[in-house]
>>> print(open('my_file06.cif').read())   # mmCIF, C-alpha atoms
data_upload
#
loop_
_atom_site.group_PDB
_atom_site.id
_atom_site.type_symbol
_atom_site.label_atom_id
_atom_site.label_comp_id
_atom_site.auth_asym_id
_atom_site.auth_seq_id
_atom_site.Cartn_x
_atom_site.Cartn_y
_atom_site.Cartn_z
ATOM 1 C CA MET S 1 -59.281 -51.299 36.068
ATOM 2 C CA PRO S 2 -56.763 -49.222 38.070
ATOM 3 C CA ASN S 3 -53.955 -50.724 35.969
ATOM 4 C CA VAL S 4 -55.532 -49.341 32.797
ATOM 5 C CA GLN S 5 -55.747 -45.881 34.345
ATOM 6 C CA PHE S 6 -52.169 -46.177 35.578
ATOM 7 C CA ASN S 7 -50.901 -47.318 32.145
ATOM 8 C CA HIS S 8 -52.733 -44.482 30.430
ATOM 9 C CA SER S 9 -51.285 -41.927 32.877
ATOM 10 C CA ARG S 10 -47.868 -43.474 32.561
ATOM 11 C CA ARG S 11 -47.998 -43.265 28.753
ATOM 12 C CA THR S 12 -49.124 -39.662 28.947
ATOM 13 C CA MET S 13 -46.308 -38.849 31.366
ATOM 14 C CA LEU S 14 -43.704 -40.595 29.187
ATOM 15 C CA ALA S 15 -44.952 -38.809 26.074
ATOM 16 C CA ALA S 16 -44.772 -35.443 27.858
ATOM 17 C CA MET S 17 -41.244 -36.175 29.080
ATOM 18 C CA GLY S 18 -40.178 -37.183 25.572
ATOM 19 C CA ALA S 19 -41.601 -33.969 24.141
ATOM 20 C CA ALA S 20 -39.830 -31.948 26.820
ATOM 21 C CA PHE S 21 -36.489 -33.393 25.711
ATOM 22 C CA VAL S 22 -37.087 -33.346 21.948
ATOM 23 C CA MET S 23 -38.683 -29.904 21.525
ATOM 24 C CA PRO S 24 -35.591 -27.875 22.549
ATOM 25 C CA VAL S 25 -33.482 -29.914 20.120
ATOM 26 C CA TRP S 26 -35.934 -29.231 17.284
ATOM 27 C CA ALA S 27 -36.093 -25.559 18.182
ATOM 28 C CA ALA S 28 -32.303 -25.269 18.261
ATOM 29 C CA ALA S 29 -31.973 -27.048 14.925
ATOM 30 C CA ALA S 30 -34.584 -24.792 13.341
ATOM 31 C CA GLY S 31 -32.916 -21.680 14.734
ATOM 32 C CA ALA S 32 -29.494 -22.773 13.522
ATOM 33 C CA ALA S 33 -30.756 -23.107 9.960
ATOM 34 C CA GLU S 34 -31.709 -19.438 9.683
ATOM 35 C CA PRO S 35 -29.382 -16.558 10.515
ATOM 36 C CA SER S 36 -30.462 -14.350 13.396
ATOM 37 C CA GLY S 37 -31.394 -10.755 12.766
ATOM 38 C CA ASP S 38 -28.081 -9.751 14.309
ATOM 39 C CA THR S 39 -26.123 -12.132 12.074
ATOM 40 C CA ALA S 40 -27.772 -10.634 9.006
ATOM 41 C CA ALA S 41 -27.141 -7.104 10.307
ATOM 42 C CA VAL S 42 -23.442 -7.852 10.874
ATOM 43 C CA ALA S 43 -23.172 -9.314 7.360
ATOM 44 C CA LYS S 44 -24.770 -6.137 6.002
ATOM 45 C CA ALA S 45 -22.361 -3.950 8.008
ATOM 46 C CA SER S 46 -19.382 -5.982 6.789
ATOM 47 C CA GLU S 47 -20.521 -5.547 3.198
ATOM 48 C CA ALA S 48 -21.098 -1.820 3.779
ATOM 49 C CA LEU S 49 -17.526 -1.516 5.070
ATOM 50 C CA ARG S 50 -16.191 -3.348 2.002
ATOM 51 C CA GLY S 51 -18.129 -1.020 -0.280
ATOM 52 C CA ALA S 52 -17.022 2.092 1.616
ATOM 53 C CA MET S 53 -13.383 0.985 1.403
ATOM 54 C CA VAL S 54 -13.621 0.541 -2.381
ATOM 55 C CA ALA S 55 -15.475 3.838 -2.819
ATOM 56 C CA GLY S 56 -13.218 5.763 -0.417
ATOM 57 C CA ASP S 57 -16.402 7.038 1.248
ATOM 58 C CA LYS S 58 -15.236 8.979 4.315
ATOM 59 C CA LYS S 59 -18.731 9.507 5.723
ATOM 60 C CA ALA S 60 -19.605 5.807 5.530
ATOM 61 C CA LEU S 61 -16.204 4.723 6.892
ATOM 62 C CA THR S 62 -16.573 7.113 9.824
ATOM 63 C CA ALA S 63 -20.026 5.775 10.657
ATOM 64 C CA LEU S 64 -18.943 2.121 10.431
ATOM 65 C CA VAL S 65 -15.965 2.141 12.799
ATOM 66 C CA TYR S 66 -15.417 2.968 16.469
ATOM 67 C CA ASP S 67 -13.216 5.842 17.588
ATOM 68 C CA GLN S 68 -11.087 3.213 19.375
ATOM 69 C CA LEU S 69 -10.597 1.163 16.194
ATOM 70 C CA SER S 70 -7.529 -1.089 16.130
ATOM 71 C CA TYR S 71 -6.975 -2.083 12.492
ATOM 72 C CA GLY S 72 -4.145 -4.564 12.038
ATOM 73 C CA HIS S 73 -2.637 -5.275 8.638
ATOM 74 C CA SER S 74 -1.001 -8.494 7.455
ATOM 75 C CA ASP S 75 2.416 -6.814 7.452
ATOM 76 C CA GLY S 76 2.055 -6.023 11.153
ATOM 77 C CA HIS S 77 1.373 -2.290 11.082
ATOM 78 C CA LEU S 78 -1.637 -0.878 12.905
ATOM 79 C CA ASP S 79 -4.074 1.820 11.935
ATOM 80 C CA THR S 80 -6.238 3.919 14.212
ATOM 81 C CA LYS S 81 -9.624 5.178 13.104
ATOM 82 C CA THR S 82 -8.039 8.377 11.822
ATOM 83 C CA SER S 83 -5.191 6.730 9.904
ATOM 84 C CA PHE S 84 -7.490 4.011 8.518
ATOM 85 C CA ILE S 85 -9.978 6.538 7.164
ATOM 86 C CA ASP S 86 -7.248 8.901 5.912
ATOM 87 C CA SER S 87 -5.668 6.039 3.938
ATOM 88 C CA LEU S 88 -8.927 5.454 2.039
ATOM 89 C CA ALA S 89 -11.055 8.622 2.075
ATOM 90 C CA GLY S 90 -11.423 10.201 -1.337
ATOM 91 C CA LYS S 91 -8.953 7.766 -2.835
ATOM 92 C CA ASN S 92 -9.318 4.947 -5.291
ATOM 93 C CA ALA S 93 -7.253 2.531 -3.184
ATOM 94 C CA PHE S 94 -8.880 -0.620 -4.573
ATOM 95 C CA LYS S 95 -9.508 -1.719 -8.122
ATOM 96 C CA SER S 96 -11.537 -4.554 -6.625
ATOM 97 C CA LEU S 97 -12.176 -6.096 -3.236
ATOM 98 C CA ALA S 98 -13.957 -9.392 -2.640
ATOM 99 C CA LEU S 99 -14.750 -11.185 0.609
ATOM 100 C CA SER S 100 -15.351 -14.930 0.649
ATOM 101 C CA ASP S 101 -15.736 -17.830 3.078
ATOM 102 C CA GLN S 102 -17.263 -15.466 5.616
ATOM 103 C CA THR S 103 -18.425 -16.749 8.985
ATOM 104 C CA ILE S 104 -20.197 -14.689 11.616
ATOM 105 C CA GLU S 105 -20.680 -15.590 15.263
ATOM 106 C CA VAL S 106 -22.728 -13.201 17.372
ATOM 107 C CA VAL S 107 -21.856 -13.249 21.077
ATOM 108 C CA GLY S 108 -24.076 -10.844 22.986
ATOM 109 C CA ASN S 109 -23.396 -7.346 21.664
ATOM 110 C CA ASN S 110 -20.222 -8.494 19.879
ATOM 111 C CA ALA S 111 -19.664 -10.385 16.664
ATOM 112 C CA ILE S 112 -16.682 -12.323 15.398
ATOM 113 C CA VAL S 113 -16.369 -12.173 11.621
ATOM 114 C CA ARG S 114 -13.806 -14.157 9.640
ATOM 115 C CA HIS S 115 -13.342 -14.081 5.893
ATOM 116 C CA VAL S 116 -10.854 -14.251 3.059
ATOM 117 C CA PHE S 117 -10.054 -10.824 1.638
ATOM 118 C CA ASP S 118 -8.962 -10.701 -2.011
ATOM 119 C CA GLY S 119 -8.088 -7.245 -3.215
ATOM 120 C CA VAL S 120 -6.493 -5.612 -6.187
ATOM 121 C CA ASN S 121 -4.832 -2.488 -4.833
ATOM 122 C CA ASN S 122 -4.310 0.634 -6.929
ATOM 123 C CA MET S 123 -0.830 2.005 -6.266
ATOM 124 C CA PRO S 124 0.070 5.712 -6.541
ATOM 125 C CA ASP S 125 2.345 5.032 -9.558
ATOM 126 C CA GLY S 126 -0.541 3.498 -11.545
ATOM 127 C CA THR S 127 0.435 -0.140 -10.980
ATOM 128 C CA THR S 128 -1.588 -2.667 -9.006
ATOM 129 C CA THR S 129 -0.747 -5.199 -6.339
ATOM 130 C CA THR S 130 -2.841 -7.995 -4.933
ATOM 131 C CA ALA S 131 -3.764 -9.011 -1.413
ATOM 132 C CA HIS S 132 -4.890 -12.517 -0.479
ATOM 133 C CA ILE S 133 -5.334 -12.502 3.291
ATOM 134 C CA LYS S 134 -7.379 -14.052 6.065
ATOM 135 C CA VAL S 135 -9.171 -11.488 8.226
ATOM 136 C CA LEU S 136 -10.615 -11.498 11.725
ATOM 137 C CA GLN S 137 -12.949 -8.644 12.606
ATOM 138 C CA VAL S 138 -14.627 -7.815 15.900
ATOM 139 C CA TRP S 139 -17.863 -5.865 15.575
ATOM 140 C CA LYS S 140 -19.732 -4.294 18.473
ATOM 141 C CA LYS S 141 -23.389 -3.352 18.632
ATOM 142 C CA GLU S 142 -24.252 -0.043 20.236
ATOM 143 C CA LYS S 143 -27.578 1.774 20.023
ATOM 144 C CA GLY S 144 -28.787 -0.786 17.484
ATOM 145 C CA ALA S 145 -25.867 -0.297 15.067
ATOM 146 C CA TRP S 146 -22.953 -2.643 14.391
ATOM 147 C CA ARG S 147 -19.570 -0.966 14.077
ATOM 148 C CA LEU S 148 -16.062 -2.325 13.631
ATOM 149 C CA LEU S 149 -13.970 -2.301 16.803
ATOM 150 C CA ALA S 150 -10.963 -4.386 15.766
ATOM 151 C CA ARG S 151 -9.496 -6.110 12.738
ATOM 152 C CA GLN S 152 -6.437 -8.272 12.192
ATOM 153 C CA SER S 153 -5.242 -10.032 9.069
ATOM 154 C CA CYS S 154 -2.584 -12.527 8.127
ATOM 155 C CA PRO S 155 -1.222 -13.628 4.743
ATOM 156 C CA LEU S 156 -2.563 -16.724 3.017
ATOM 157 C CA LYS S 157 -0.619 -18.837 0.576
ATOM 158 C CA SER S 158 -1.725 -18.317 -3.007
#
>>> encode(input="my_file06.cif", output="structure tokens")
Amino acid sequence: MPNVQFNHSRRTMLAAMGAAFVMPVWAAAAGAAEPSGDTAAVAKASEALRGAMVAGDKKALTALVYDQLSYGHSDGHLDTKTSFIDSLAGKNAFKSLALSDQTIEVVGNNAIVRHVFDGVNNMPDGTTTTAHIKVLQVWKKEKGAWRLLARQSCPLKS
């Protein structure tokens, strides 16, 4: 009879050990399938920035970027917060601007966002140019809000 008790206890122990190893894997897989609240918030902030750039909305642009913003363009020049906002505020700089292939990785209070940026730029002389670039953005969360800290782009082949 002690063998039966031992086998039952052993089976129970083995089942508990198996569950201990499998449950974290299931939980991780389930969590990976759905974006975190922060991931969704960063995606919303990225879209808000895109919309503010197209609209030339100074108030929204100001709220979405840090004072220490470093905004790198694909031609190598850098904008500060002031020069970035001044280049867009109250202007119709873009005929259209689309972001695609976006990925977001939240790391603590920071987020790494990558996407393809396709824009049709309105030029002062009435003509348009196009931009097809790959963009890296660094967003930082402070007081519950995600704001752009840094951005760098590079050209993509058409």
>>> residues_around(input="my_file06.cif", residues="Glu142 in chain S", least_positions_apart="3", cutoff="10 Å", atoms="all atoms listed in the file", output="ChimeraX atom specification")
/S:109-110,139,145-147
>>> closest_residue(input="my_file06.cif", among="S:Ser74, S:Met53, S:Val138, S:Lys44", to="Asn121 in chain S", atoms="only C-alpha atoms")
S:Met53
>>> residues_around(input="my_file06.cif", residues="Gly108 in chain S", least_positions_apart="5", cutoff="10 Å", atoms="all atoms listed in the file", output="PDB file with C-alpha atoms, in the coordinates of the input")
ATOM      1  CA  ASP S  38     -28.081  -9.751  14.309  1.00  0.00           C
ATOM      2  CA  LYS S 140     -19.732  -4.294  18.473  1.00  0.00           C
ATOM      3  CA  LYS S 141     -23.389  -3.352  18.632  1.00  0.00           C
TER       4      LYS S 141
END
>>> closest_residue(input="my_file06.cif", among="S:Thr80, S:Thr128, S:Ser96, S:Thr103", to="Arg50 in chain S", atoms="all atoms listed in the file")
S:Ser96
>>> closest_residue(input="my_file06.cif", among="S:Ala60, S:Ile133, S:Ala48, S:Met123", to="Asn92 in chain S", atoms="only C-alpha atoms")
S:Met123
>>> residues_around(input="my_file06.cif", residues="Ala43 in chain S", least_positions_apart="5", cutoff="12 Å", atoms="only C-alpha atoms", output="PyMOL selection string")
chain S and resi 35-38+48-50+99-100+102-106+111-115+137+139+146-148
>>> atom_distance(input="my_file06.cif", atom1="CA of Phe94 in chain S", atom2="CA of Leu64 in chain S")
18.3 Å
>>> atom_distance(input="my_file06.cif", atom1="CA of Arg151 in chain S", atom2="CA of Tyr71 in chain S")
4.8 Å
>>> atom_distance(input="my_file06.cif", atom1="CA of Lys91 in chain S", atom2="CA of Lys59 in chain S")
13.1 Å
>>> closest_residue(input="my_file06.cif", among="S:Val54, S:Leu78, S:Gly72, S:Ala98", to="Asn122 in chain S", atoms="all atoms listed in the file")
S:Val54
>>> closest_residue(input="my_file06.cif", among="S:Ala93, S:Pro124, S:Thr129, S:Phe117", to="Glu47 in chain S", atoms="only C-alpha atoms")
S:Phe117
>>> residues_around(input="my_file06.cif", residues="Asp67 in chain S", least_positions_apart="6", cutoff="9 Å", atoms="all atoms listed in the file", output="ChimeraX atom specification")
/S:80-82,149
>>> build_atoms(input="my_file06.cif", residues="range 58-81 of chain S", atoms="N, CA, C and O atoms", output="PDB file, keeping the file's coordinate frame")
ATOM      1  N   LYS S  58     -15.616   8.558   2.962  1.00  0.00           N
ATOM      2  CA  LYS S  58     -15.236   8.979   4.315  1.00  0.00           C
ATOM      3  C   LYS S  58     -16.415   8.965   5.282  1.00  0.00           C
ATOM      4  O   LYS S  58     -16.289   8.512   6.423  1.00  0.00           O
ATOM      5  N   LYS S  59     -17.552   9.445   4.846  1.00  0.00           N
ATOM      6  CA  LYS S  59     -18.731   9.507   5.723  1.00  0.00           C
ATOM      7  C   LYS S  59     -19.153   8.096   6.147  1.00  0.00           C
ATOM      8  O   LYS S  59     -19.413   7.846   7.327  1.00  0.00           O
ATOM      9  N   ALA S  60     -19.211   7.182   5.210  1.00  0.00           N
ATOM     10  CA  ALA S  60     -19.605   5.807   5.530  1.00  0.00           C
ATOM     11  C   ALA S  60     -18.556   5.126   6.406  1.00  0.00           C
ATOM     12  O   ALA S  60     -18.895   4.442   7.375  1.00  0.00           O
ATOM     13  N   LEU S  61     -17.275   5.318   6.081  1.00  0.00           N
ATOM     14  CA  LEU S  61     -16.204   4.723   6.892  1.00  0.00           C
ATOM     15  C   LEU S  61     -16.274   5.227   8.330  1.00  0.00           C
ATOM     16  O   LEU S  61     -16.161   4.446   9.284  1.00  0.00           O
ATOM     17  N   THR S  62     -16.488   6.509   8.492  1.00  0.00           N
ATOM     18  CA  THR S  62     -16.573   7.113   9.824  1.00  0.00           C
ATOM     19  C   THR S  62     -17.726   6.513  10.620  1.00  0.00           C
ATOM     20  O   THR S  62     -17.581   6.232  11.813  1.00  0.00           O
ATOM     21  N   ALA S  63     -18.850   6.313   9.980  1.00  0.00           N
ATOM     22  CA  ALA S  63     -20.026   5.775  10.657  1.00  0.00           C
ATOM     23  C   ALA S  63     -19.870   4.289  11.006  1.00  0.00           C
ATOM     24  O   ALA S  63     -20.481   3.815  11.960  1.00  0.00           O
ATOM     25  N   LEU S  64     -19.046   3.575  10.263  1.00  0.00           N
ATOM     26  CA  LEU S  64     -18.943   2.121  10.431  1.00  0.00           C
ATOM     27  C   LEU S  64     -17.880   1.663  11.423  1.00  0.00           C
ATOM     28  O   LEU S  64     -17.827   0.484  11.752  1.00  0.00           O
ATOM     29  N   VAL S  65     -17.032   2.566  11.892  1.00  0.00           N
ATOM     30  CA  VAL S  65     -15.965   2.141  12.799  1.00  0.00           C
ATOM     31  C   VAL S  65     -15.971   2.955  14.094  1.00  0.00           C
ATOM     32  O   VAL S  65     -16.374   4.122  14.110  1.00  0.00           O
ATOM     33  N   TYR S  66     -15.528   2.319  15.163  1.00  0.00           N
ATOM     34  CA  TYR S  66     -15.417   2.968  16.469  1.00  0.00           C
ATOM     35  C   TYR S  66     -14.238   3.929  16.502  1.00  0.00           C
ATOM     36  O   TYR S  66     -13.244   3.728  15.805  1.00  0.00           O
ATOM     37  N   ASP S  67     -14.328   4.919  17.369  1.00  0.00           N
ATOM     38  CA  ASP S  67     -13.216   5.842  17.588  1.00  0.00           C
ATOM     39  C   ASP S  67     -11.977   5.087  18.080  1.00  0.00           C
ATOM     40  O   ASP S  67     -10.858   5.473  17.781  1.00  0.00           O
ATOM     41  N   GLN S  68     -12.182   4.009  18.811  1.00  0.00           N
ATOM     42  CA  GLN S  68     -11.087   3.213  19.375  1.00  0.00           C
ATOM     43  C   GLN S  68     -10.615   2.111  18.429  1.00  0.00           C
ATOM     44  O   GLN S  68      -9.920   1.186  18.852  1.00  0.00           O
ATOM     45  N   LEU S  69     -10.944   2.195  17.158  1.00  0.00           N
ATOM     46  CA  LEU S  69     -10.597   1.163  16.194  1.00  0.00           C
ATOM     47  C   LEU S  69      -9.122   0.771  16.268  1.00  0.00           C
ATOM     48  O   LEU S  69      -8.239   1.625  16.307  1.00  0.00           O
ATOM     49  N   SER S  70      -8.876  -0.528  16.271  1.00  0.00           N
ATOM     50  CA  SER S  70      -7.529  -1.089  16.130  1.00  0.00           C
ATOM     51  C   SER S  70      -7.565  -1.929  14.862  1.00  0.00           C
ATOM     52  O   SER S  70      -8.216  -2.977  14.823  1.00  0.00           O
ATOM     53  N   TYR S  71      -6.894  -1.460  13.812  1.00  0.00           N
ATOM     54  CA  TYR S  71      -6.975  -2.083  12.492  1.00  0.00           C
ATOM     55  C   TYR S  71      -5.603  -2.622  12.133  1.00  0.00           C
ATOM     56  O   TYR S  71      -4.698  -1.873  11.747  1.00  0.00           O
ATOM     57  N   GLY S  72      -5.430  -3.934  12.300  1.00  0.00           N
ATOM     58  CA  GLY S  72      -4.145  -4.564  12.038  1.00  0.00           C
ATOM     59  C   GLY S  72      -4.042  -5.105  10.628  1.00  0.00           C
ATOM     60  O   GLY S  72      -4.951  -5.762  10.131  1.00  0.00           O
ATOM     61  N   HIS S  73      -2.917  -4.818   9.998  1.00  0.00           N
ATOM     62  CA  HIS S  73      -2.637  -5.275   8.638  1.00  0.00           C
ATOM     63  C   HIS S  73      -1.785  -6.536   8.662  1.00  0.00           C
ATOM     64  O   HIS S  73      -1.117  -6.837   9.653  1.00  0.00           O
ATOM     65  N   SER S  74      -1.744  -7.230   7.541  1.00  0.00           N
ATOM     66  CA  SER S  74      -1.001  -8.494   7.455  1.00  0.00           C
ATOM     67  C   SER S  74       0.512  -8.293   7.539  1.00  0.00           C
ATOM     68  O   SER S  74       1.237  -9.229   7.843  1.00  0.00           O
ATOM     69  N   ASP S  75       0.981  -7.074   7.320  1.00  0.00           N
ATOM     70  CA  ASP S  75       2.416  -6.814   7.452  1.00  0.00           C
ATOM     71  C   ASP S  75       2.786  -6.377   8.872  1.00  0.00           C
ATOM     72  O   ASP S  75       3.934  -6.066   9.158  1.00  0.00           O
ATOM     73  N   GLY S  76       1.793  -6.332   9.749  1.00  0.00           N
ATOM     74  CA  GLY S  76       2.055  -6.023  11.153  1.00  0.00           C
ATOM     75  C   GLY S  76       1.775  -4.598  11.577  1.00  0.00           C
ATOM     76  O   GLY S  76       1.707  -4.322  12.766  1.00  0.00           O
ATOM     77  N   HIS S  77       1.601  -3.667  10.627  1.00  0.00           N
ATOM     78  CA  HIS S  77       1.373  -2.290  11.082  1.00  0.00           C
ATOM     79  C   HIS S  77      -0.090  -2.101  11.476  1.00  0.00           C
ATOM     80  O   HIS S  77      -0.983  -2.818  11.016  1.00  0.00           O
ATOM     81  N   LEU S  78      -0.305  -1.160  12.370  1.00  0.00           N
ATOM     82  CA  LEU S  78      -1.637  -0.878  12.905  1.00  0.00           C
ATOM     83  C   LEU S  78      -2.123   0.481  12.449  1.00  0.00           C
ATOM     84  O   LEU S  78      -1.345   1.431  12.340  1.00  0.00           O
ATOM     85  N   ASP S  79      -3.420   0.550  12.208  1.00  0.00           N
ATOM     86  CA  ASP S  79      -4.074   1.820  11.935  1.00  0.00           C
ATOM     87  C   ASP S  79      -5.042   2.133  13.066  1.00  0.00           C
ATOM     88  O   ASP S  79      -5.639   1.227  13.654  1.00  0.00           O
ATOM     89  N   THR S  80      -5.184   3.419  13.339  1.00  0.00           N
ATOM     90  CA  THR S  80      -6.238   3.919  14.212  1.00  0.00           C
ATOM     91  C   THR S  80      -7.417   4.284  13.315  1.00  0.00           C
ATOM     92  O   THR S  80      -7.317   4.209  12.079  1.00  0.00           O
ATOM     93  N   LYS S  81      -8.491   4.734  13.915  1.00  0.00           N
ATOM     94  CA  LYS S  81      -9.624   5.178  13.104  1.00  0.00           C
ATOM     95  C   LYS S  81      -9.186   6.276  12.139  1.00  0.00           C
ATOM     96  O   LYS S  81      -9.482   6.216  10.943  1.00  0.00           O
TER      97      LYS S  81
END
